[in-house]
Structures are given as C-alpha cells and as structure tokens.
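S.K.: Below: one structure in structure tokens.
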Amino acid sequence: MGRAFPAPPTVRRDRPTQVHPVAPDFRERLRARAFEEGFAGFGVTRPDAVPEIAERLRLFVAEGCHGQMDWMADRMDWRGAPGALWPEAKSIIMLAESYARAGDPTDVHRHPDKGAISIYAQGRDYHDIIKKRLKRLGRWMIETAGGQIKVFVDTAPVMEKPLAAAAGLGWQGKHTNLLGRTMGNWVFLGSIFTTLDLAPDKPEVSRCGSCTRCLHACPTNAFPAPYRIDARRCISYLTIEHAGPVDEELRSKMGNRIYGCDDCLAACPWNKFAVAASDLRYLGSPEPPDLAALALLDDAAFRTRFAGSPVKRSGRNRMVRNVCYAIGNSGLPLLKPSVQALTDDEDPAVADAARWAVEQLS
C-alpha cells in the first residue's frame with residue numbers, strides 16, 4: 001500500500017439542484033479534455049453503482065483492520081453510499097493520473113544507510129496538483145454543459161477505488177489497490193461529482209487470475225486473504241498513520257522503509273503496461289535520503305526539508321521514529337551515534353525507537 005490514508009474534511013451540503021441535459025457528443029469531448037489535462041484514465045459511473053461497499057466497509061471496521069484510523073469509522077453512511085455524500089449528483093467521473101517512474105522502486109532496500117520513501121511521496125504533493133486539474137476540467141464542464149460539480153482527491157469520505165472499478169478504469173487487485181490493463185497500478189485517483197446525467201461505463205472485472213505476487217511480496221504479511229488487507233500490519237499504515245511505538249514483532253520487518261511501502265505495487269506484472277507520469281513534479285529526487293541526516297531533524301528542519309511534499313503529513317516525530325527503526329535494521333554500527341542522542345528524545349515513541357535501534361546495533 002503505497003499511498004497514505006488521509007482523513008476526510010467536512011463536506012458541505014448545498015441546496016437542491018436541477019439535472020441538466022447534455023449534448024450527445026459531450027461525454028466524448030469531456031473524455032478528450034481530461035486526457036489533455038494529463039489524466040491517464042477516464043470513466044463514468046453512478047453514485048449507486050457499488051452498493052456492496054457499505055457492507056465491506058462495515059466488516060473491515062468491525063474486525064479492527066482500520067487500526068487507529070478512526071475517521072474510517074466516521075461518516076460510514078457517506079463512505080459506504082456515495083449518493084448520500086451529495087444526493088443531487090447524478091454521475092461520478094473517475095479520473096486516474098499516473099505517477100509511474102522508470103527503474104525498480106525496491107532497489108533502495110539494497111542500501112541500508114538510505115531511507116525508503118514510497119515513490120508517490122518523493123515529489124510534490126499530489127493532492128494539490130490533481131485538485132487543480134480537476135477544477136480546470138470542472139470549470140470547462142460548467143462552461144460547456146452547465147450543471148454543478150464537486151471535486152474530491154483522496155480527502156473526502158469517497159471510496160475511490162471501488163468507484164474507479166465501477167467506472168471501468170481497472171479493478172481492485174489482490175493487494176486491494178486499483179490496477180488497469182493500460183495503466184498498471186501506479187495511479188492517483190480523483191473524482192468529479194456532477195448533476196449532469198452522463199452515460200456510465202461498463203465496470204471492469206478482476207484480471208489477477210491465479211497470480212499472488214503482490215501477496216507474497218508484503219514484508220509483514222498484511223494480507224489475510226486475497227483482496228483483503230489488515231492495515232495494522234501494513235507498512236504504509238505503520239509509517240504514516242500509526243501513532244506511538246510499533247509492535248516489536250513488526251519493526252524488524254520494516255527494513256529501511258520510513259514513509260510508505262511499494263513492495264506489493266512493484267510486484268504486479270500488469271505494471272509492464274504502466275503509463276509514464278505526465279507531470280515531472282511527481283518524480284522528485286532520484287537519490288534516497290541518508291538516514292543519519294534524517295535522524296538529526298528537529299521540527300523546523302523537518303518542515304523545511306519536506307515542504308510541499310506528502311511526507312509532511314507524518315510530522316517530525318513519526319518520521320524520526322521510523323528512521324530509528326530503519327537504522328536499527330541497517331546492521332551498520334557506524335549509524336549508532338545517530339540514534340544514541342535520540343534515546344532521551346522528548347517524544348516517547350522516538351526515544352523508545354532509538355533505544356531499540358541501539359540495542360539492535362549493539
């Protein structure tokens with residue numbers, strides 16, 4: 001699970017709206033416009049196209065698989081029923097944008113003195129980039145066909161992956177992420193809810209077959225079964241969302257992953273069809289950061305180092321905690337001084353992680 005699990009903001013309910021008829025060729029013009037904006041995938045679905053997601057979400061939360069992500073349990077009526085989020089919406093336009101890059105994203109694990117940051121977070125924050133694209137596309141829609149819109153990028157209570165599958169962009173693989181025949185799984189998703197009544201696309205079906213590479217690639221065995229994930233064991237969750245110390249059983253399995261994890265995504269053979277990222281701002285620096293340097297960050301230095309990056313979400317304490325685990329897993333005694341000074345850190349989780357790292361290197 002490469003991407004973070006961002007908490008939703010409050011969604012405002014507007015006054016009732018009217019449904020606007022559209023020209024017969026508008027949908028294809030909209031699709032062409034979306035690709036001009038840089039999106040790699042386009043599809044349309046209905047707000048009621050995935051009624052099964054409410055029960056799936058309920059079971060996920062009931063089993064505690066969401067960990068500390070309490071926001072997933074909040075507003076489950078909206079998250080499980082997209083039509084409840086904005087009852088006036090007649091269509092949902094799902095858009096995918098590629099962040100694929102050349103090379104093997106797991107190569108960084110061969111360098112234990114470096115920190116592994118998920119490739120989606122190595123460049124600029126995708127929320128800002130995609131939301132601007134969605135707003136431009138939305139303005140064009142209103143100017144061309146009228147109606148009203150709301151745009152969402154991974155922040156509102158929207159189940160984007162099931163909706164994207166319903167819109168024909170791809171399917172949720174056994175690693176639970178969206179992947180497609182022409183895109184692979186290195187994609188961001190955004191949505192435009194609209195009062196325009198657009199013809200929906202046919203939903204995609206799973207094409208994973210008997211392949212289980214993604215399941216076996218997970219360092220922490222976070223998949224209790226195909227198409228199911230337990231976030232409490234997912235390194236993306238542990239490094240980004242989980243507050244406090246990580247269970248000792250899982251620390252050694254985290255390796256040098258300090259923000260997110262790409263292993264299940266990188267293992268998918270459908271990535272041979274991945275579309276290259278159209279926006280170079282997603283790529284970031286090709287050089288992974290030094291763990292020793294990251295261990296020295298205070299709050300101000302952390303904010304400066306990761307300004308404009310998705311990494312800023314984690315905060316200094318969580319990042320340095322992860323860095324301590326990575327140093328403890330490095331097997332490099334020369335990094336011991338980097339964590340020795342953190343054994344009395346003001347943050348209890350950082351201090352605990354630093355003491356653990358010193359023990360591992362001793």
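Note on naming: chains are A, B, ... as they come in the structure tokens, residues start from 1 per chain, ligands start from 1 in the order shown.
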For Trp186 in chain A, work out the shell of residues within 6 Å, counting only C-alpha atoms and skipping chain neighbours fewer than 6 positions away, then give it as a list in words.
M.R.: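 Returned residues: Ser98, Tyr99 and Ala100 of chain A.
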S.K.: Residues within 12 Å of Val61 in chain A, please, as a list in words. Count only C-alpha atoms; anything in the same chain fewer than 4 positions from it doesn't count.
M.R.: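 Near Val61 in chain A, the qualifying residues are Ala54, Glu55, Arg56, Leu57, Cys65, His66, Gly67, Gln68, Met69, Asp70, Trp71, Met72, Ala73, Asp74, Met76, Gly80, Ile229, Asp230, Ala231 and Arg232 of chain A.
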S.K.: Any chance you can output those residues with all heavy atoms as a compact mmCIF listing (two decimals), in the first residue's frame?
M.R.:
```txt
# COMPACT_ATOMS: atom_id res chain seq x y z
N ALA A 54 -20.72 -0.71 1.28
CA ALA A 54 -21.14 -0.38 2.64
C ALA A 54 -20.89 -1.56 3.58
O ALA A 54 -20.35 -1.39 4.68
CB ALA A 54 -22.61 0.03 2.66
N GLU A 55 -21.26 -2.75 3.14
CA GLU A 55 -21.06 -3.93 3.97
C GLU A 55 -19.57 -4.28 4.07
O GLU A 55 -19.09 -4.68 5.14
CB GLU A 55 -21.83 -5.12 3.40
CG GLU A 55 -21.69 -6.42 4.18
CD GLU A 55 -22.21 -6.34 5.61
OE1 GLU A 55 -22.91 -5.36 5.95
OE2 GLU A 55 -21.92 -7.26 6.40
N ARG A 56 -18.83 -4.13 2.98
CA ARG A 56 -17.40 -4.39 3.02
C ARG A 56 -16.71 -3.47 4.02
O ARG A 56 -15.83 -3.89 4.79
CB ARG A 56 -16.80 -4.22 1.63
CG ARG A 56 -17.10 -5.38 0.69
CD ARG A 56 -16.87 -5.03 -0.76
NE ARG A 56 -15.56 -4.43 -1.00
CZ ARG A 56 -15.20 -3.91 -2.18
NH1 ARG A 56 -16.05 -3.93 -3.20
NH2 ARG A 56 -14.01 -3.40 -2.34
N LEU A 57 -17.09 -2.20 4.01
CA LEU A 57 -16.50 -1.25 4.94
C LEU A 57 -16.88 -1.59 6.38
O LEU A 57 -16.05 -1.51 7.29
CB LEU A 57 -16.96 0.16 4.58
CG LEU A 57 -16.51 1.28 5.53
CD1 LEU A 57 -14.99 1.37 5.58
CD2 LEU A 57 -17.11 2.62 5.09
N CYS A 65 -9.53 -3.83 11.37
CA CYS A 65 -8.45 -3.76 10.40
C CYS A 65 -8.05 -2.33 10.05
O CYS A 65 -7.03 -2.13 9.38
CB CYS A 65 -8.85 -4.50 9.12
SG CYS A 65 -9.00 -6.29 9.34
N HIS A 66 -8.84 -1.36 10.48
CA HIS A 66 -8.51 0.04 10.19
C HIS A 66 -7.53 0.62 11.20
O HIS A 66 -7.08 1.76 11.05
CB HIS A 66 -9.78 0.89 10.16
CG HIS A 66 -10.52 0.94 11.46
ND1 HIS A 66 -10.87 -0.18 12.18
CD2 HIS A 66 -10.94 2.00 12.21
CE1 HIS A 66 -11.50 0.18 13.29
NE2 HIS A 66 -11.54 1.49 13.33
N GLY A 67 -7.20 -0.14 12.25
CA GLY A 67 -6.23 0.33 13.22
C GLY A 67 -6.68 1.60 13.93
O GLY A 67 -7.81 1.68 14.43
N GLN A 68 -5.80 2.61 13.93
CA GLN A 68 -6.11 3.88 14.58
C GLN A 68 -6.81 4.87 13.66
O GLN A 68 -7.05 6.01 14.06
CB GLN A 68 -4.80 4.51 15.10
CG GLN A 68 -4.07 3.70 16.14
CD GLN A 68 -2.74 4.33 16.51
OE1 GLN A 68 -2.33 5.35 15.96
NE2 GLN A 68 -2.04 3.71 17.45
N MET A 69 -7.16 4.45 12.46
CA MET A 69 -7.78 5.38 11.51
C MET A 69 -9.27 5.51 11.83
O MET A 69 -10.14 5.00 11.10
CB MET A 69 -7.56 4.91 10.07
CG MET A 69 -6.10 4.92 9.67
SD MET A 69 -5.81 4.44 7.94
CE MET A 69 -6.23 2.68 8.00
N ASP A 70 -9.57 6.18 12.94
CA ASP A 70 -10.95 6.29 13.38
C ASP A 70 -11.83 7.01 12.36
O ASP A 70 -13.05 6.80 12.34
CB ASP A 70 -11.01 7.04 14.72
CG ASP A 70 -10.36 6.25 15.84
OD1 ASP A 70 -10.29 5.01 15.73
OD2 ASP A 70 -9.89 6.88 16.82
N TRP A 71 -11.23 7.85 11.53
CA TRP A 71 -12.02 8.57 10.54
C TRP A 71 -12.67 7.63 9.53
O TRP A 71 -13.64 7.99 8.87
CB TRP A 71 -11.17 9.61 9.82
CG TRP A 71 -9.86 9.13 9.29
CD1 TRP A 71 -8.64 9.21 9.91
CD2 TRP A 71 -9.63 8.47 8.04
NE1 TRP A 71 -7.66 8.66 9.11
CE2 TRP A 71 -8.24 8.19 7.97
CE3 TRP A 71 -10.43 8.10 6.98
CZ2 TRP A 71 -7.65 7.57 6.87
CZ3 TRP A 71 -9.86 7.47 5.88
CH2 TRP A 71 -8.48 7.21 5.84
N MET A 72 -12.14 6.40 9.41
CA MET A 72 -12.77 5.45 8.51
C MET A 72 -14.11 4.97 9.06
O MET A 72 -15.02 4.60 8.31
CB MET A 72 -11.85 4.25 8.24
CG MET A 72 -10.59 4.61 7.49
SD MET A 72 -9.75 3.18 6.80
CE MET A 72 -10.81 2.79 5.42
N ALA A 73 -14.22 4.95 10.39
CA ALA A 73 -15.48 4.56 11.01
C ALA A 73 -16.47 5.72 11.05
O ALA A 73 -17.67 5.50 11.13
CB ALA A 73 -15.21 4.04 12.43
N ASP A 74 -15.96 6.93 11.00
CA ASP A 74 -16.84 8.10 11.00
C ASP A 74 -17.50 8.25 9.63
O ASP A 74 -16.91 7.96 8.60
CB ASP A 74 -16.04 9.37 11.31
CG ASP A 74 -15.44 9.34 12.71
OD1 ASP A 74 -15.97 8.57 13.55
OD2 ASP A 74 -14.44 10.04 12.95
N MET A 76 -19.66 6.63 8.05
CA MET A 76 -19.71 5.43 7.20
C MET A 76 -20.92 5.45 6.28
O MET A 76 -20.91 4.78 5.24
CB MET A 76 -19.71 4.17 8.06
CG MET A 76 -18.34 3.78 8.59
SD MET A 76 -18.14 1.99 8.87
CE MET A 76 -19.25 1.73 10.23
N GLY A 80 -19.93 4.63 2.60
CA GLY A 80 -20.49 3.41 2.05
C GLY A 80 -21.56 3.64 1.00
O GLY A 80 -21.97 2.70 0.31
N ILE A 229 -7.02 -6.57 3.25
CA ILE A 229 -5.81 -6.06 3.89
C ILE A 229 -6.09 -5.73 5.35
O ILE A 229 -7.19 -5.27 5.69
CB ILE A 229 -5.28 -4.81 3.16
CG1 ILE A 229 -3.92 -4.38 3.75
CG2 ILE A 229 -6.28 -3.67 3.23
CD1 ILE A 229 -3.22 -3.32 2.94
N ASP A 230 -5.13 -6.00 6.19
CA ASP A 230 -5.20 -5.61 7.60
C ASP A 230 -4.22 -4.46 7.77
O ASP A 230 -3.01 -4.66 7.78
CB ASP A 230 -4.80 -6.78 8.50
CG ASP A 230 -5.00 -6.47 9.98
OD1 ASP A 230 -5.08 -5.27 10.34
OD2 ASP A 230 -5.07 -7.42 10.78
N ALA A 231 -4.76 -3.24 7.85
CA ALA A 231 -3.90 -2.06 7.90
C ALA A 231 -2.94 -2.10 9.08
O ALA A 231 -1.85 -1.51 9.03
CB ALA A 231 -4.74 -0.79 7.95
N ARG A 232 -3.31 -2.79 10.13
CA ARG A 232 -2.46 -2.83 11.33
C ARG A 232 -1.11 -3.48 11.07
O ARG A 232 -0.17 -3.32 11.86
CB ARG A 232 -3.19 -3.56 12.46
CG ARG A 232 -4.44 -2.85 12.94
CD ARG A 232 -5.27 -3.74 13.83
NE ARG A 232 -5.78 -4.90 13.10
CZ ARG A 232 -6.62 -5.80 13.64
NH1 ARG A 232 -7.02 -5.65 14.89
NH2 ARG A 232 -7.05 -6.83 12.93
```
S.K.: Can you tell me, as JSON, numbers by chain, what residues are no more than 8 Å from range 160-164 of chain A when counting only C-alpha atoms, ignoring any on the same chain fewer than 5 positions away?
M.R.: {"A": [43, 45, 49, 50, 53, 94, 95, 154, 169, 170, 171, 172, 177, 178, 189, 190, 191]}
S.K.: With only C-alpha atoms as the basis for distance, which of A:Ala276, A:Arg75, A:Ser330, A:Leu335 is at the shortest distance from Val187 in chain A?
M.R.: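 Selected residue with least distance to Val187 in chain A: A:Ala276.
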S.K.: So how many Å separate CA of Arg31 in chain A and CA of Ala199 in chain A, to one decimal?
M.R.: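 Going from CA of Arg31 in chain A over to CA of Ala199 in chain A, I get 12.1 Å.
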S.K.: What's around Gly146 in chain A at 8 Å? Count only C-alpha atoms, leave out sequence neighbours fewer than 3 positions away in its own chain, and write the answer as an MDAnalysis selection string.
M.R.: chainID A and resid 20 141:143 196
S.K.: Could you pull out the helix (DSSP H, G or I) residues of range 35-249 of chain A from DSSP and send them as an NGL selection string?
M.R.: :A and (35-36 or 53-62 or 70-72 or 76-80 or 82-85 or 107-110 or 119-121 or 126-145 or 160-166 or 213-217 or 231-233 or 235-240 or 248-249)
S.K.: Excluding Thr182 in chain A and any residue of its chain fewer than 6 positions from it, enumerate the residues within 12 Å of it, using only C-alpha atoms, and give them as a ChimeraX atom specification.
M.R.: /A:40-42,96,98,168-171,269-276
S.K.: Based on DSSP run over this structure's backbone, return all residues of range 94-232 of chain A in strand (DSSP E), as number ranges by chain.
M.R.: A: 94-98, 116-117, 149-152, 171-172, 178-179, 187-194
S.K.: Take the residues from that selection and put them in a file with C-alpha atoms, as a CSV table (one decimal), in the first residue's frame.
M.R.:
```csv
chain,number,residue,atom,x,y,z
A,94,MET,CA,-13.5,9.0,-12.1
A,95,LEU,CA,-10.0,10.0,-13.3
A,96,ALA,CA,-6.6,8.4,-12.9
A,97,GLU,CA,-3.3,10.1,-13.1
A,98,SER,CA,0.0,8.1,-13.4
A,116,ALA,CA,13.0,4.3,1.5
A,117,ILE,CA,10.2,6.7,0.7
A,149,ILE,CA,-19.8,19.8,-9.6
A,150,LYS,CA,-17.8,18.9,-6.5
A,151,VAL,CA,-14.3,17.6,-6.8
A,152,PHE,CA,-12.5,15.2,-4.4
A,171,TRP,CA,-10.1,-3.4,-10.9
A,172,GLN,CA,-9.0,-3.8,-7.3
A,178,LEU,CA,-6.6,-0.2,-8.3
A,179,LEU,CA,-4.8,-1.5,-11.4
A,187,VAL,CA,-2.0,5.8,-10.3
A,188,PHE,CA,-3.6,8.5,-8.2
A,189,LEU,CA,-7.4,8.8,-8.3
A,190,GLY,CA,-9.7,11.9,-8.3
A,191,SER,CA,-13.4,12.3,-8.8
A,192,ILE,CA,-15.9,14.8,-10.0
A,193,PHE,CA,-19.4,14.5,-8.7
A,194,THR,CA,-21.8,16.3,-11.1
```
S.K.: Which residue gives the smallest distance to Gln340 in chain A among A:Arg136, A:Ala326, A:Glu204, A:Ala357, with only C-alpha atoms counted?
M.R.: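 Of A:Arg136, A:Ala326, A:Glu204, A:Ala357, the one nearest Gln340 in chain A, counting only C-alpha atoms, is A:Ala357.
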S.K.: When distances are computed from only C-alpha atoms, which of A:Lys114, A:Ala167, A:Pro245, A:Arg213 shows the smallest separation from Val323 in chain A?
M.R.: A:Lys114
S.K.: Check the smallest atom-to-atom distance from each of A:Glu287, A:Asp125, A:Asp113, A:Glu88 to Arg257 in chain A using only C-alpha atoms, then report the winner.
M.R.: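 Checking each candidate against Arg257 in chain A, we get A:Asp113 as the closest.
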S.K.: Of the candidates A:Val350, A:Leu198, A:Ala34, A:Val44, which shows the shortest atom-to-atom distance to Leu134 in chain A, using only C-alpha atoms?
M.R.: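 Of all the options, A:Ala34 lies closest to Leu134 in chain A.
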S.K.: Please list as a list of chain:residue names every residue within 10 Å of Gly315 in chain A, counting only C-alpha atoms and excluding residues in the same chain fewer than 5 positions away.
M.R.: A:Ile240, A:Asp299, A:Phe302, A:Arg303, A:Phe306, A:Val320
S.K.: Have a look at CA of Thr212 in chain A and CA of Gly180 in chain A and let me know their distance in Å, one decimal.
M.R.: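 CA of Gly180 in chain A lies at a distance of 16.3 Å from CA of Thr212 in chain A.
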S.K.: When you look at Thr220 in chain A with a cut-off of 8 Å (counting only C-alpha atoms), what residues show up, excluding the ones that are within fewer than 6 positions of it in the same chain? I need them as a PyMOL selection string.
M.R.: chain A and resi 233-235+250+253-254
S.K.: Just give me the gap between CA of His111 in chain A and CA of Ala292 in chain A in Å, one decimal is fine.
M.R.: 12.9 Å
S.K.: Smallest atom-to-atom distance to Val339 in chain A: which of A:Glu37, A:Asp263, A:Asp48, A:Glu359, using only C-alpha atoms?
M.R.: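 Checking each of A:Glu37, A:Asp263, A:Asp48, A:Glu359 against Val339 in chain A, counting only C-alpha atoms, the winner is A:Glu359.
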